[in-house]
$ cat entry_28.cif   # mmCIF, C-alpha atoms and all ligand atoms
data_entry
#
loop_
_atom_site.label_atom_id
_atom_site.label_comp_id
_atom_site.auth_asym_id
_atom_site.auth_seq_id
_atom_site.Cartn_x
_atom_site.Cartn_y
_atom_site.Cartn_z
CA MET A 1 -14.29 -13.70 -3.55
CA LEU A 2 -13.97 -10.07 -4.61
CA SER A 3 -11.49 -8.35 -2.27
CA LEU A 4 -10.41 -4.74 -2.26
CA ASN A 5 -9.74 -4.69 1.47
CA ASN A 6 -8.26 -1.39 2.64
CA LYS A 7 -7.68 -0.20 -0.92
CA ASN A 8 -8.11 3.53 -1.49
CA ILE A 9 -9.86 4.10 -4.79
CA ILE A 10 -10.58 7.34 -6.60
CA LEU A 11 -13.64 6.72 -8.73
CA GLY A 12 -13.53 9.28 -11.54
CA ILE A 13 -16.77 9.94 -13.42
CA THR A 14 -16.83 11.76 -16.75
CA GLY A 15 -19.80 12.90 -18.81
CA GLY A 16 -21.75 10.04 -20.40
CA ILE A 17 -25.06 8.27 -19.99
CA ALA A 18 -23.25 5.26 -18.46
CA ALA A 19 -22.53 7.50 -15.43
CA TYR A 20 -25.72 6.15 -13.85
CA LYS A 21 -23.92 2.78 -13.52
CA SER A 22 -21.14 4.45 -11.50
CA ALA A 23 -23.48 4.51 -8.52
CA GLU A 24 -23.67 0.70 -8.50
CA LEU A 25 -19.93 0.47 -9.16
CA CYS A 26 -19.22 2.68 -6.13
CA ARG A 27 -21.42 0.44 -3.97
CA LEU A 28 -19.65 -2.73 -5.17
CA LEU A 29 -16.16 -1.28 -4.56
CA ILE A 30 -17.13 -0.37 -0.99
CA LYS A 31 -18.74 -3.77 -0.45
CA ALA A 32 -15.44 -5.36 -1.49
CA GLY A 33 -13.65 -3.42 1.28
CA ALA A 34 -12.39 -0.31 -0.54
CA GLN A 35 -12.53 3.29 0.63
CA VAL A 36 -13.88 5.32 -2.27
CA ARG A 37 -13.56 9.02 -3.02
CA VAL A 38 -15.52 10.19 -6.03
CA VAL A 39 -14.22 12.83 -8.44
CA MET A 40 -16.70 14.13 -11.01
CA THR A 41 -16.14 16.30 -14.07
CA GLN A 42 -18.51 19.16 -14.84
CA ALA A 43 -20.20 17.10 -17.58
CA ALA A 44 -20.63 14.06 -15.29
CA GLN A 45 -22.78 16.18 -12.96
CA GLU A 46 -25.30 16.58 -15.79
CA PHE A 47 -25.89 12.81 -15.72
CA ILE A 48 -25.73 11.93 -12.02
CA THR A 49 -25.73 14.18 -8.99
CA PRO A 50 -22.79 14.61 -6.60
CA LEU A 51 -25.30 14.08 -3.78
CA THR A 52 -26.03 10.53 -4.99
CA MET A 53 -22.32 9.73 -5.13
CA GLN A 54 -21.68 11.39 -1.76
CA SER A 55 -24.40 9.31 -0.12
CA LEU A 56 -23.04 6.08 -1.60
CA SER A 57 -19.33 6.75 -1.01
CA GLY A 58 -19.79 8.29 2.44
CA ASN A 59 -17.35 11.03 1.44
CA ARG A 60 -17.69 14.50 0.03
CA VAL A 61 -17.52 14.42 -3.77
CA HIS A 62 -14.60 16.28 -5.34
CA THR A 63 -15.51 18.43 -8.33
CA GLN A 64 -13.25 21.49 -8.43
CA LEU A 65 -9.51 21.91 -8.85
CA LEU A 66 -9.45 25.46 -7.57
CA ASP A 67 -11.74 25.20 -4.56
CA THR A 68 -10.01 26.60 -1.46
CA GLU A 69 -12.36 24.81 0.96
CA ALA A 70 -11.90 21.40 -0.69
CA GLU A 71 -8.14 21.96 -0.98
CA ALA A 72 -7.97 22.75 2.75
CA ALA A 73 -9.78 19.48 3.59
CA MET A 74 -7.80 17.22 1.22
CA GLY A 75 -5.68 18.92 -1.43
CA HIS A 76 -5.43 17.43 -4.90
CA ILE A 77 -1.83 16.27 -4.42
CA GLU A 78 -2.77 14.64 -1.13
CA LEU A 79 -5.73 12.98 -2.86
CA ALA A 80 -3.46 11.77 -5.68
CA ARG A 81 -1.10 10.23 -3.09
CA TRP A 82 -3.94 8.71 -1.10
CA ALA A 83 -5.11 6.58 -4.02
CA ASP A 84 -4.03 2.97 -4.54
CA LEU A 85 -6.01 3.00 -7.78
CA ILE A 86 -7.71 5.60 -9.95
CA LEU A 87 -10.64 4.08 -11.82
CA VAL A 88 -12.38 6.32 -14.34
CA ALA A 89 -15.80 4.90 -15.26
CA PRO A 90 -17.27 5.97 -17.56
CA ALA A 91 -14.34 7.43 -19.51
CA SER A 92 -15.59 9.57 -22.40
CA ALA A 93 -13.80 10.02 -25.75
CA ASN A 94 -12.95 13.56 -24.69
CA PHE A 95 -11.43 12.35 -21.40
CA MET A 96 -9.36 9.71 -23.23
CA ALA A 97 -8.04 12.43 -25.55
CA GLN A 98 -7.07 14.66 -22.63
CA LEU A 99 -5.41 11.79 -20.78
CA ALA A 100 -3.47 10.69 -23.87
CA HIS A 101 -2.05 14.20 -24.16
CA GLY A 102 -1.20 14.66 -20.49
CA GLU A 103 -3.65 17.53 -20.04
CA ALA A 104 -4.38 18.70 -16.52
CA HIS A 105 -7.05 21.36 -16.81
CA ASP A 106 -9.58 20.05 -14.30
CA LEU A 107 -9.44 18.08 -11.07
CA LEU A 108 -9.77 14.58 -12.56
CA THR A 109 -7.15 15.02 -15.30
CA THR A 110 -4.82 16.72 -12.79
CA LEU A 111 -5.15 13.78 -10.39
CA CYS A 112 -4.34 11.35 -13.21
CA VAL A 113 -1.19 13.30 -14.04
CA ALA A 114 -0.20 13.79 -10.38
CA SER A 115 -0.74 10.23 -9.16
CA ARG A 116 1.75 7.39 -9.25
CA SER A 117 -0.91 4.78 -8.56
CA PRO A 118 -2.26 2.43 -11.23
CA LEU A 119 -4.85 4.03 -13.50
CA ALA A 120 -7.72 2.14 -15.12
CA ILE A 121 -10.38 3.50 -17.43
CA ALA A 122 -13.69 2.05 -18.61
CA PRO A 123 -14.45 3.70 -21.96
CA ALA A 124 -18.11 4.36 -22.75
CA MET A 125 -19.24 6.12 -25.91
CA ASN A 126 -21.16 5.80 -29.15
CA GLN A 127 -19.72 3.09 -31.44
CA ALA A 128 -18.73 5.61 -34.14
CA MET A 129 -16.83 7.70 -31.59
CA TRP A 130 -15.07 4.55 -30.35
CA SER A 131 -13.97 3.48 -33.83
CA ASN A 132 -12.92 7.02 -34.80
CA THR A 133 -9.24 7.08 -35.80
CA ALA A 134 -8.31 9.75 -33.25
CA THR A 135 -9.93 7.79 -30.41
CA GLN A 136 -8.14 4.61 -31.49
CA GLN A 137 -4.82 6.47 -31.62
CA ASN A 138 -5.47 7.86 -28.13
CA LEU A 139 -6.30 4.34 -26.97
CA GLN A 140 -2.96 3.09 -28.26
CA THR A 141 -1.11 5.89 -26.47
CA LEU A 142 -2.93 5.11 -23.21
CA GLN A 143 -2.10 1.40 -23.51
CA GLN A 144 1.55 2.20 -24.22
CA ASN A 145 1.55 4.43 -21.12
CA GLY A 146 0.54 1.43 -18.98
CA ILE A 147 -3.04 2.51 -18.38
CA HIS A 148 -5.42 -0.39 -17.85
CA ILE A 149 -8.35 -0.38 -20.28
CA PHE A 150 -11.48 -2.17 -19.05
CA GLY A 151 -13.79 -2.88 -22.02
CA PRO A 152 -15.72 -1.51 -23.73
CA ASP A 153 -18.42 -4.12 -24.42
CA ALA A 154 -20.43 -4.50 -27.59
CA GLY A 155 -24.22 -4.31 -27.73
CA ALA A 156 -27.20 -2.00 -27.92
CA GLN A 157 -26.31 1.59 -27.03
CA ALA A 158 -28.38 4.31 -25.34
CA CYS A 159 -28.44 6.25 -28.64
CA GLY A 160 -29.98 3.29 -30.50
CA ASP A 161 -26.79 2.17 -32.28
CA ILE A 162 -25.41 -1.31 -31.92
CA GLY A 163 -21.66 -1.90 -31.62
CA LEU A 164 -18.57 -1.52 -29.44
CA GLY A 165 -18.66 1.27 -26.88
CA ARG A 166 -20.89 0.15 -23.99
CA MET A 167 -19.32 0.53 -20.55
CA GLN A 168 -18.62 -2.81 -18.89
CA GLU A 169 -21.03 -3.83 -16.15
CA PRO A 170 -20.15 -2.60 -12.61
CA GLN A 171 -19.55 -6.15 -11.32
CA GLN A 172 -17.01 -6.82 -14.07
CA LEU A 173 -15.28 -3.48 -13.43
CA ALA A 174 -15.06 -4.20 -9.70
CA GLU A 175 -13.61 -7.67 -10.42
CA GLN A 176 -10.99 -6.31 -12.80
CA SER A 177 -10.04 -3.65 -10.25
CA ALA A 178 -9.55 -6.33 -7.59
CA ALA A 179 -7.50 -8.42 -10.04
CA LEU A 180 -4.99 -5.56 -10.37
CA PHE A 181 -3.98 -6.16 -6.75
CA GLU A 182 -3.94 -9.96 -6.88
CA THR A 183 -0.59 -11.00 -8.20
CA GLY A 184 -0.86 -14.51 -6.82
CA VAL A 185 2.95 -14.68 -6.77
CA LEU A 186 3.01 -16.06 -3.21
CA ALA A 187 0.07 -18.45 -3.57
CA GLY A 188 0.19 -21.22 -0.98
CA LEU A 189 3.25 -19.89 0.90
CA ASN A 190 3.46 -19.15 4.64
CA VAL A 191 4.77 -15.67 5.34
CA VAL A 192 5.65 -14.38 8.81
CA ILE A 193 6.12 -10.63 9.17
CA THR A 194 7.21 -8.67 12.24
CA ALA A 195 6.07 -5.05 12.49
CA GLY A 196 5.90 -2.03 14.75
CA PRO A 197 8.08 -1.20 17.73
CA THR A 198 8.74 -3.35 20.77
CA ARG A 199 8.28 -2.11 24.33
CA GLU A 200 10.81 -3.05 26.97
CA ALA A 201 9.45 -2.66 30.47
CA VAL A 202 11.35 -0.47 32.93
CA ASP A 203 8.73 -0.86 35.68
CA PRO A 204 4.97 -1.59 35.65
CA VAL A 205 4.14 1.83 34.09
CA ARG A 206 7.20 2.72 31.98
CA PHE A 207 8.95 1.28 28.98
CA ILE A 208 11.70 1.88 26.41
CA SER A 209 10.46 2.01 22.80
CA ASN A 210 10.84 3.84 19.47
CA HIS A 211 8.84 5.78 16.87
CA SER A 212 8.00 2.90 14.51
CA SER A 213 4.39 3.28 13.31
CA GLY A 214 4.07 -0.23 11.86
CA LYS A 215 2.76 1.14 8.55
CA MET A 216 5.34 -0.58 6.33
CA GLY A 217 4.97 -3.97 8.01
CA TYR A 218 1.16 -3.80 7.86
CA ALA A 219 1.30 -2.74 4.18
CA LEU A 220 3.54 -5.72 3.44
CA ALA A 221 1.16 -8.04 5.26
CA ARG A 222 -1.72 -6.77 3.08
CA ALA A 223 0.34 -7.08 -0.11
CA ALA A 224 1.36 -10.63 0.85
CA VAL A 225 -2.30 -11.56 1.48
CA ASP A 226 -3.19 -10.08 -1.92
CA ALA A 227 -0.39 -12.14 -3.46
CA GLY A 228 -2.09 -15.30 -2.16
CA ALA A 229 0.11 -16.00 0.91
CA LYS A 230 -1.01 -17.25 4.32
CA VAL A 231 0.25 -14.40 6.47
CA THR A 232 1.09 -14.18 10.17
CA LEU A 233 1.69 -10.65 11.39
CA VAL A 234 3.56 -10.46 14.70
CA SER A 235 3.17 -6.89 15.80
CA GLY A 236 4.35 -4.68 18.61
CA PRO A 237 1.93 -1.97 19.83
CA THR A 238 0.70 0.30 17.00
CA ASN A 239 -2.39 2.41 16.33
CA LEU A 240 -3.26 0.41 13.21
CA PRO A 241 -6.12 -2.07 12.86
CA PRO A 242 -4.97 -5.62 12.02
CA PRO A 243 -5.21 -6.05 8.23
CA ALA A 244 -8.03 -8.28 6.99
CA GLY A 245 -7.06 -11.85 6.20
CA VAL A 246 -3.93 -12.07 8.38
CA ASP A 247 -3.31 -14.20 11.42
CA PHE A 248 -2.53 -11.41 13.89
CA ILE A 249 -0.36 -11.90 16.98
CA ALA A 250 -0.02 -8.88 19.28
CA VAL A 251 3.17 -8.76 21.37
CA GLU A 252 4.96 -6.15 23.47
CA SER A 253 8.59 -7.07 24.08
CA ALA A 254 11.36 -8.39 21.84
CA LEU A 255 11.40 -11.66 23.79
CA GLN A 256 7.67 -12.13 23.18
CA MET A 257 8.14 -11.29 19.51
CA LEU A 258 10.91 -13.88 19.17
CA ALA A 259 8.82 -16.56 20.90
CA ALA A 260 5.85 -15.86 18.58
CA CYS A 261 8.07 -16.03 15.48
CA GLU A 262 9.77 -19.25 16.57
CA ALA A 263 6.37 -20.88 17.13
CA ARG A 264 5.53 -20.48 13.41
CA THR A 265 6.95 -22.20 10.38
CA ALA A 266 7.52 -19.87 7.48
CA ASP A 267 8.55 -20.11 3.85
CA ILE A 268 9.31 -16.40 3.94
CA PHE A 269 10.25 -14.34 7.00
CA ILE A 270 10.18 -10.55 6.72
CA GLY A 271 11.56 -8.62 9.70
CA VAL A 272 10.12 -5.12 9.53
CA ALA A 273 9.79 -4.51 13.28
CA ALA A 274 11.96 -1.89 14.91
CA VAL A 275 13.04 -4.26 17.66
CA ALA A 276 14.56 -2.59 20.71
CA ASP A 277 18.20 -3.67 20.75
CA TYR A 278 18.35 -3.51 24.55
CA ARG A 279 16.00 -4.11 27.47
CA PRO A 280 16.33 -3.26 31.15
CA ALA A 281 18.27 -6.07 32.82
CA GLN A 282 15.58 -6.27 35.48
CA ALA A 283 12.18 -4.60 35.17
CA ALA A 284 11.32 -3.15 38.60
CA GLN A 285 8.39 -4.91 40.31
CA GLN A 286 7.00 -1.61 41.59
CA LYS A 287 6.88 1.88 40.07
CA ILE A 288 10.32 3.48 40.40
CA LYS A 289 10.14 6.54 42.71
CA LYS A 290 12.12 9.70 42.01
CA SER A 291 14.13 9.41 45.20
CA HIS A 292 17.55 10.25 43.69
CA GLU A 293 18.90 13.05 41.47
CA THR A 294 20.13 10.56 38.88
CA LEU A 295 18.96 7.15 37.84
CA SER A 296 20.96 4.51 36.00
CA LEU A 297 19.36 1.70 34.15
CA GLU A 298 21.33 -1.39 33.29
CA LEU A 299 20.40 -2.60 29.82
CA VAL A 300 21.11 -6.00 28.32
CA ARG A 301 21.11 -6.97 24.64
CA ASN A 302 17.95 -8.36 23.17
CA PRO A 303 18.22 -11.38 20.89
CA ASP A 304 18.30 -10.55 17.19
CA ILE A 305 15.02 -12.06 15.97
CA LEU A 306 15.84 -11.92 12.27
CA ALA A 307 19.34 -13.38 12.68
CA THR A 308 17.92 -16.15 14.89
CA ILE A 309 15.28 -17.09 12.29
CA ALA A 310 17.93 -16.90 9.53
CA THR A 311 19.88 -19.70 11.25
CA SER A 312 16.87 -21.91 11.95
CA ASN A 313 16.34 -25.22 10.22
CA PRO A 314 14.48 -25.41 7.87
CA ARG A 315 15.39 -21.87 7.03
CA PRO A 316 12.85 -19.52 5.42
CA PHE A 317 13.73 -16.97 2.74
CA CYS A 318 14.78 -14.14 5.07
CA VAL A 319 14.24 -10.46 4.35
CA GLY A 320 15.36 -7.67 6.66
CA PHE A 321 14.75 -3.94 6.79
CA ALA A 322 17.43 -1.42 7.61
CA ALA A 323 16.30 2.06 8.58
CA GLU A 324 19.47 4.11 8.64
CA THR A 325 20.27 7.76 9.28
CA GLU A 326 23.66 7.62 7.45
CA ASN A 327 25.68 5.40 5.05
CA LEU A 328 22.46 3.73 3.93
CA ALA A 329 23.72 1.23 1.36
CA HIS A 330 26.95 0.38 3.24
CA ASN A 331 25.22 -0.28 6.57
CA ALA A 332 22.49 -2.28 4.88
CA GLN A 333 25.08 -4.39 3.03
CA GLN A 334 26.76 -5.16 6.37
CA LYS A 335 23.47 -6.27 7.89
CA LEU A 336 22.71 -8.42 4.83
CA GLN A 337 25.98 -10.30 5.36
CA ASN A 338 26.13 -10.34 9.17
CA LYS A 339 22.59 -11.61 9.57
CA LYS A 340 22.94 -14.02 6.60
CA LEU A 341 19.85 -12.65 4.86
CA ASP A 342 18.55 -13.30 1.37
CA MET A 343 17.58 -9.67 0.92
CA ILE A 344 17.54 -6.39 2.80
CA ILE A 345 15.43 -3.31 2.18
CA ALA A 346 17.19 -0.11 3.16
CA ASN A 347 15.55 3.23 3.72
CA ASP A 348 16.18 6.58 5.30
CA ALA A 349 14.93 6.35 8.91
CA GLU A 350 13.89 10.00 9.24
CA ALA A 351 12.03 10.07 5.91
CA THR A 352 10.31 6.75 6.65
CA PHE A 353 9.30 6.52 10.31
CA GLY A 354 5.63 7.45 10.69
CA HIS A 355 5.25 8.62 7.07
CA ASP A 356 2.78 7.25 4.50
CA HIS A 357 5.36 7.34 1.71
CA ALA A 358 8.86 5.93 1.39
CA SER A 359 11.62 5.22 -1.07
CA ALA A 360 13.94 2.23 -0.67
CA ILE A 361 16.84 0.21 -2.04
CA ALA A 362 16.61 -3.58 -2.06
CA LEU A 363 19.99 -5.34 -1.82
CA TRP A 364 20.93 -8.99 -2.18
CA MET A 365 24.19 -10.81 -2.90
CA GLY A 366 25.12 -9.66 -6.37
CA GLY A 367 22.22 -7.33 -7.08
CA GLU A 368 20.08 -4.38 -6.10
CA GLU A 369 16.92 -2.55 -7.09
CA THR A 370 15.91 1.03 -6.30
CA PHE A 371 12.32 2.03 -5.54
CA THR A 372 11.45 5.72 -5.91
CA GLN A 373 9.32 7.61 -3.37
CA GLN A 374 5.80 6.13 -3.37
CA SER A 375 3.01 5.15 -1.00
CA LYS A 376 3.95 2.38 1.44
CA GLU A 377 1.07 0.34 -0.01
CA GLN A 378 2.55 0.51 -3.49
CA LEU A 379 6.10 0.01 -2.26
CA ALA A 380 4.92 -3.07 -0.35
CA ARG A 381 3.47 -4.57 -3.54
CA CYS A 382 6.75 -3.96 -5.41
CA ILE A 383 8.75 -5.55 -2.57
CA ILE A 384 6.48 -8.61 -2.50
CA GLU A 385 6.88 -9.02 -6.28
CA LEU A 386 10.67 -8.76 -5.91
CA ILE A 387 10.78 -11.23 -3.01
CA ALA A 388 8.76 -13.71 -5.09
CA SER A 389 11.04 -13.39 -8.10
CA ARG A 390 14.29 -13.54 -6.04
CA MET A 391 13.02 -16.56 -4.16
CA GLN A 392 12.20 -18.31 -7.42
CA SER A 393 15.63 -17.66 -8.90
CA THR A 394 17.53 -18.86 -5.78
CA ARG A 395 15.56 -22.05 -5.10
N1 LIG B 1 16.04 -6.99 13.98
C1 LIG B 1 15.56 -8.06 14.69
N2 LIG B 1 15.85 -8.17 16.01
C2 LIG B 1 16.62 -7.26 16.63
C3 LIG B 1 17.10 -6.14 15.91
C4 LIG B 1 16.79 -6.03 14.59
O1 LIG B 1 14.86 -8.90 14.12
N3 LIG B 1 16.88 -7.41 17.92
C5 LIG B 1 15.73 -6.89 12.54
C6 LIG B 1 14.82 -5.75 12.16
O2 LIG B 1 13.46 -6.17 12.17
C7 LIG B 1 15.31 -5.42 10.76
C8 LIG B 1 16.79 -5.74 10.80
O3 LIG B 1 16.96 -6.65 11.88
O4 LIG B 1 14.73 -6.24 9.79
C9 LIG B 1 17.68 -4.56 10.96
O5 LIG B 1 17.29 -3.82 12.09
P1 LIG B 1 18.06 -2.52 12.52
O6 LIG B 1 17.44 -1.98 13.77
O7 LIG B 1 18.21 -1.60 11.34
O8 LIG B 1 19.49 -3.07 12.79
P2 LIG B 1 20.21 -3.63 14.05
O9 LIG B 1 20.61 -5.03 13.75
O10 LIG B 1 19.40 -3.43 15.28
O11 LIG B 1 21.52 -2.74 14.06
P3 LIG B 1 21.76 -1.22 14.54
O12 LIG B 1 20.63 -0.88 15.47
O13 LIG B 1 23.08 -1.29 15.17
O14 LIG B 1 21.73 -0.39 13.28
#
$ encode --input "entry_28.cif" --output "structure tokens" --more "lines below"
Ligand code: CTP
Amino acid sequence: MLSLNNKNIILGITGGIAAYKSAELCRLLIKAGAQVRVVMTQAAQEFITPLTMQSLSGNRVHTQLLDTEAEAAMGHIELARWADLILVAPASANFMAQLAHGEAHDLLTTLCVASRSPLAIAPAMNQAMWSNTATQQNLQTLQQNGIHIFGPDAGAQACGDIGLGRMQEPQQLAEQSAALFETGVLAGLNVVITAGPTREAVDPVRFISNHSSGKMGYALARAAVDAGAKVTLVSGPTNLPPPAGVDFIAVESALQMLAACEARTADIFIGVAAVADYRPAQAAQQKIKKSHETLSLELVRNPDILATIATSNPRPFCVGFAAETENLAHNAQQKLQNKKLDMIIANDAEATFGHDHASAIALWMGGEETFTQQSKEQLARCIIELIASRMQSTR
């Protein structure tokens, strides 16, 4: 089944008669679960109206780079970061030339240059333009730059010619877009992920907690689902909707989180939750009254969920997260050893908590890999790929 659940897609439309098919493509992407924002070049608007694309996408269409109103709503850099995929369909010969040369003179080309997300184009043009030497050289450059090229197909063209240059059908384009996210590297494996904060009750109305948003854990759950895994997400309270396709278990306290994790068997366990290290020794039965000038709370240590799972039998491949404010690599290395983990992902707590983007270092015995600043969605996919390859080489 075609799945683009929760994927943010910029659908770029350039000037060409195939632009009328972009309407159907937009509909199919949304049907597959994606959020779509449409960006149209000046020429594209001669073939299909922004109003049509706005009605289908449910979002305002972006057409101008230097539009103060549009920039105030969602600036072009923000839009570039938002995207999990930029799909340009149709991509004209002129657009391919601009992209091959890194030009950024309108909104769509600027987004392509500014975004770190995967970029796919569906060329559509007359067969002579497609076979033109310059176009073929541009195509080679784009392929070398890692840009995904969907099509073109051969057949009868709008201009009456017959040959290569027809845009692929919307269904095929939607399927190829979905395939970019399906690595299948965890097919058939059970993955348990903890996410979010825990809440440790002080009394019936108060608790101790932390700022974890749950975004990284939820992004990993989605990436693991996309990679073919059967995913259980054990989450503390967050404002995020449970990702599609996961078995979702909502918990509050560290003790509840541990019990939920121990009740599952996992091939891979990923501890992303910011588990409260301590809980009040005794939660008060009634609301604590402010009857004294000072109040002392006795706290006791919570069990370490990750370390507990890492000593279970059979033992899953265990991955931890270390959000640190200082000595990042050193502290993470200590946790890797002390908790007997297979891998730990370290990141800067202040730059990570609550943000949509993060950088990270993955450490394991005898190796490491650095991930530059990117969306948590993309980072999650990279981490899942790495977990799959490390697991394969150790087992
Ligand atoms: N973790 C856990 N249970 C705990 C504490 C932490 O499962 N009670 C997991 C986290 O989910 C994370 C890893 O252990 O994957 C590291 O968490 P972190 O809070 O960075 O480290 P702590 O072990 O709590 O150490 P400290 O707070 O002293 O840095």
$ residues_near_ligand --input "entry_28.cif" --ligand "ligand LIG 1 (chain B)" --cutoff "7 Å" --atoms "only C-alpha atoms and all ligand atoms" --output "MDAnalysis selection string"
chainID A and resid 194 254 270:277 302:307 319:324 335
$ write_last_selection --input "entry_28.cif" --atoms "C-alpha atoms" --output "CSV table (one decimal), in the coordinates of the input"
chain,number,residue,atom,x,y,z
A,194,THR,CA,7.2,-8.7,12.2
A,254,ALA,CA,11.4,-8.4,21.8
A,270,ILE,CA,10.2,-10.6,6.7
A,271,GLY,CA,11.6,-8.6,9.7
A,272,VAL,CA,10.1,-5.1,9.5
A,273,ALA,CA,9.8,-4.5,13.3
A,274,ALA,CA,12.0,-1.9,14.9
A,275,VAL,CA,13.0,-4.3,17.7
A,276,ALA,CA,14.6,-2.6,20.7
A,277,ASP,CA,18.2,-3.7,20.8
A,302,ASN,CA,18.0,-8.4,23.2
A,303,PRO,CA,18.2,-11.4,20.9
A,304,ASP,CA,18.3,-10.6,17.2
A,305,ILE,CA,15.0,-12.1,16.0
A,306,LEU,CA,15.8,-11.9,12.3
A,307,ALA,CA,19.3,-13.4,12.7
A,319,VAL,CA,14.2,-10.5,4.4
A,320,GLY,CA,15.4,-7.7,6.7
A,321,PHE,CA,14.8,-3.9,6.8
A,322,ALA,CA,17.4,-1.4,7.6
A,323,ALA,CA,16.3,2.1,8.6
A,324,GLU,CA,19.5,4.1,8.6
A,335,LYS,CA,23.5,-6.3,7.9
$ residues_near_point --input "entry_28.cif" --point "(22.0, 8.1, 8.4)" --cutoff "12 Å" --atoms "only C-alpha atoms" --output "list in words"
Ala322, Ala323, Glu324, Thr325, Glu326, Asn327, Leu328, Ala329, His330, Asn331, Ala332, Ala346, Asn347, Asp348, Ala349, Glu350, Ala351 and Thr352 of chain A
$ write_last_selection --input "entry_28.cif" --atoms "C-alpha atoms" --output "mmCIF file, in the coordinates of the input"
data_model
loop_
_atom_site.group_PDB
_atom_site.id
_atom_site.type_symbol
_atom_site.label_atom_id
_atom_site.label_comp_id
_atom_site.auth_asym_id
_atom_site.auth_seq_id
_atom_site.Cartn_x
_atom_site.Cartn_y
_atom_site.Cartn_z
ATOM 1 C CA ALA A 322 17.430 -1.420 7.610
ATOM 2 C CA ALA A 323 16.300 2.060 8.580
ATOM 3 C CA GLU A 324 19.470 4.110 8.640
ATOM 4 C CA THR A 325 20.270 7.760 9.280
ATOM 5 C CA GLU A 326 23.660 7.620 7.450
ATOM 6 C CA ASN A 327 25.680 5.400 5.050
ATOM 7 C CA LEU A 328 22.460 3.730 3.930
ATOM 8 C CA ALA A 329 23.720 1.230 1.360
ATOM 9 C CA HIS A 330 26.950 0.380 3.240
ATOM 10 C CA ASN A 331 25.220 -0.280 6.570
ATOM 11 C CA ALA A 332 22.490 -2.280 4.880
ATOM 12 C CA ALA A 346 17.190 -0.110 3.160
ATOM 13 C CA ASN A 347 15.550 3.230 3.720
ATOM 14 C CA ASP A 348 16.180 6.580 5.300
ATOM 15 C CA ALA A 349 14.930 6.350 8.910
ATOM 16 C CA GLU A 350 13.890 10.000 9.240
ATOM 17 C CA ALA A 351 12.030 10.070 5.910
ATOM 18 C CA THR A 352 10.310 6.750 6.650
#
$ residues_around --input "entry_28.cif" --residues "Glu175 of chain A" --least-positions-apart "6" --cutoff "10 Å" --atoms "all atoms listed in the file" --output "compact mmCIF listing (two decimals) with C-alpha atoms, keeping the file's coordinate frame"
# COMPACT_ATOMS: atom_id res chain seq x y z
CA MET A 1 -14.29 -13.70 -3.55
CA LEU A 2 -13.97 -10.07 -4.61
CA SER A 3 -11.49 -8.35 -2.27
CA LEU A 4 -10.41 -4.74 -2.26
CA LEU A 28 -19.65 -2.73 -5.17
CA LEU A 29 -16.16 -1.28 -4.56
CA ALA A 32 -15.44 -5.36 -1.49
$ atom_distance --input "entry_28.cif" --atom1 "atom CA of Leu51 of chain A" --atom2 "atom CA of Met96 of chain A"
25.5 Å
$ atom_distance --input "entry_28.cif" --atom1 "atom CA of Ala44 of chain A" --atom2 "atom CA of Met125 of chain A"
13.3 Å
$ closest_atom_pairs --input "entry_28.cif" --of "segment 351-388 of chain A" --to "segment 214-230 of chain A" --cutoff "10 Å" --atoms "all atoms listed in the file" --output "tab-separated table"
residue	atom	partner	partner_atom	distance
A:Thr352	CA	A:Met216	CA	8.9
A:Phe353	CA	A:Lys215	CA	8.6
A:Gly354	CA	A:Lys215	CA	7.3
A:His355	CA	A:Lys215	CA	8.0
A:Asp356	CA	A:Lys215	CA	7.3
A:His357	CA	A:Met216	CA	9.2
A:Ala358	CA	A:Met216	CA	8.9
A:Ser375	CA	A:Met216	CA	9.6
A:Lys376	CA	A:Met216	CA	5.9
A:Glu377	CA	A:Ala219	CA	5.2
A:Gln378	CA	A:Ala219	CA	8.4
A:Leu379	CA	A:Leu220	CA	8.5
A:Ala380	CA	A:Leu220	CA	4.8
A:Arg381	CA	A:Ala223	CA	5.3
A:Cys382	CA	A:Ala223	CA	8.9
A:Ile383	CA	A:Leu220	CA	8.0
A:Ile384	CA	A:Ala224	CA	6.4
A:Glu385	CA	A:Ala227	CA	8.4
A:Ala388	CA	A:Ala227	CA	9.4
$ write_last_selection --input "entry_28.cif" --atoms "C-alpha atoms" --output "mmCIF file, in the coordinates of the input"
data_model
loop_
_atom_site.group_PDB
_atom_site.id
_atom_site.type_symbol
_atom_site.label_atom_id
_atom_site.label_comp_id
_atom_site.auth_asym_id
_atom_site.auth_seq_id
_atom_site.Cartn_x
_atom_site.Cartn_y
_atom_site.Cartn_z
ATOM 1 C CA THR A 352 10.310 6.750 6.650
ATOM 2 C CA PHE A 353 9.300 6.520 10.310
ATOM 3 C CA GLY A 354 5.630 7.450 10.690
ATOM 4 C CA HIS A 355 5.250 8.620 7.070
ATOM 5 C CA ASP A 356 2.780 7.250 4.500
ATOM 6 C CA HIS A 357 5.360 7.340 1.710
ATOM 7 C CA ALA A 358 8.860 5.930 1.390
ATOM 8 C CA SER A 375 3.010 5.150 -1.000
ATOM 9 C CA LYS A 376 3.950 2.380 1.440
ATOM 10 C CA GLU A 377 1.070 0.340 -0.010
ATOM 11 C CA GLN A 378 2.550 0.510 -3.490
ATOM 12 C CA LEU A 379 6.100 0.010 -2.260
ATOM 13 C CA ALA A 380 4.920 -3.070 -0.350
ATOM 14 C CA ARG A 381 3.470 -4.570 -3.540
ATOM 15 C CA CYS A 382 6.750 -3.960 -5.410
ATOM 16 C CA ILE A 383 8.750 -5.550 -2.570
ATOM 17 C CA ILE A 384 6.480 -8.610 -2.500
ATOM 18 C CA GLU A 385 6.880 -9.020 -6.280
ATOM 19 C CA ALA A 388 8.760 -13.710 -5.090
#
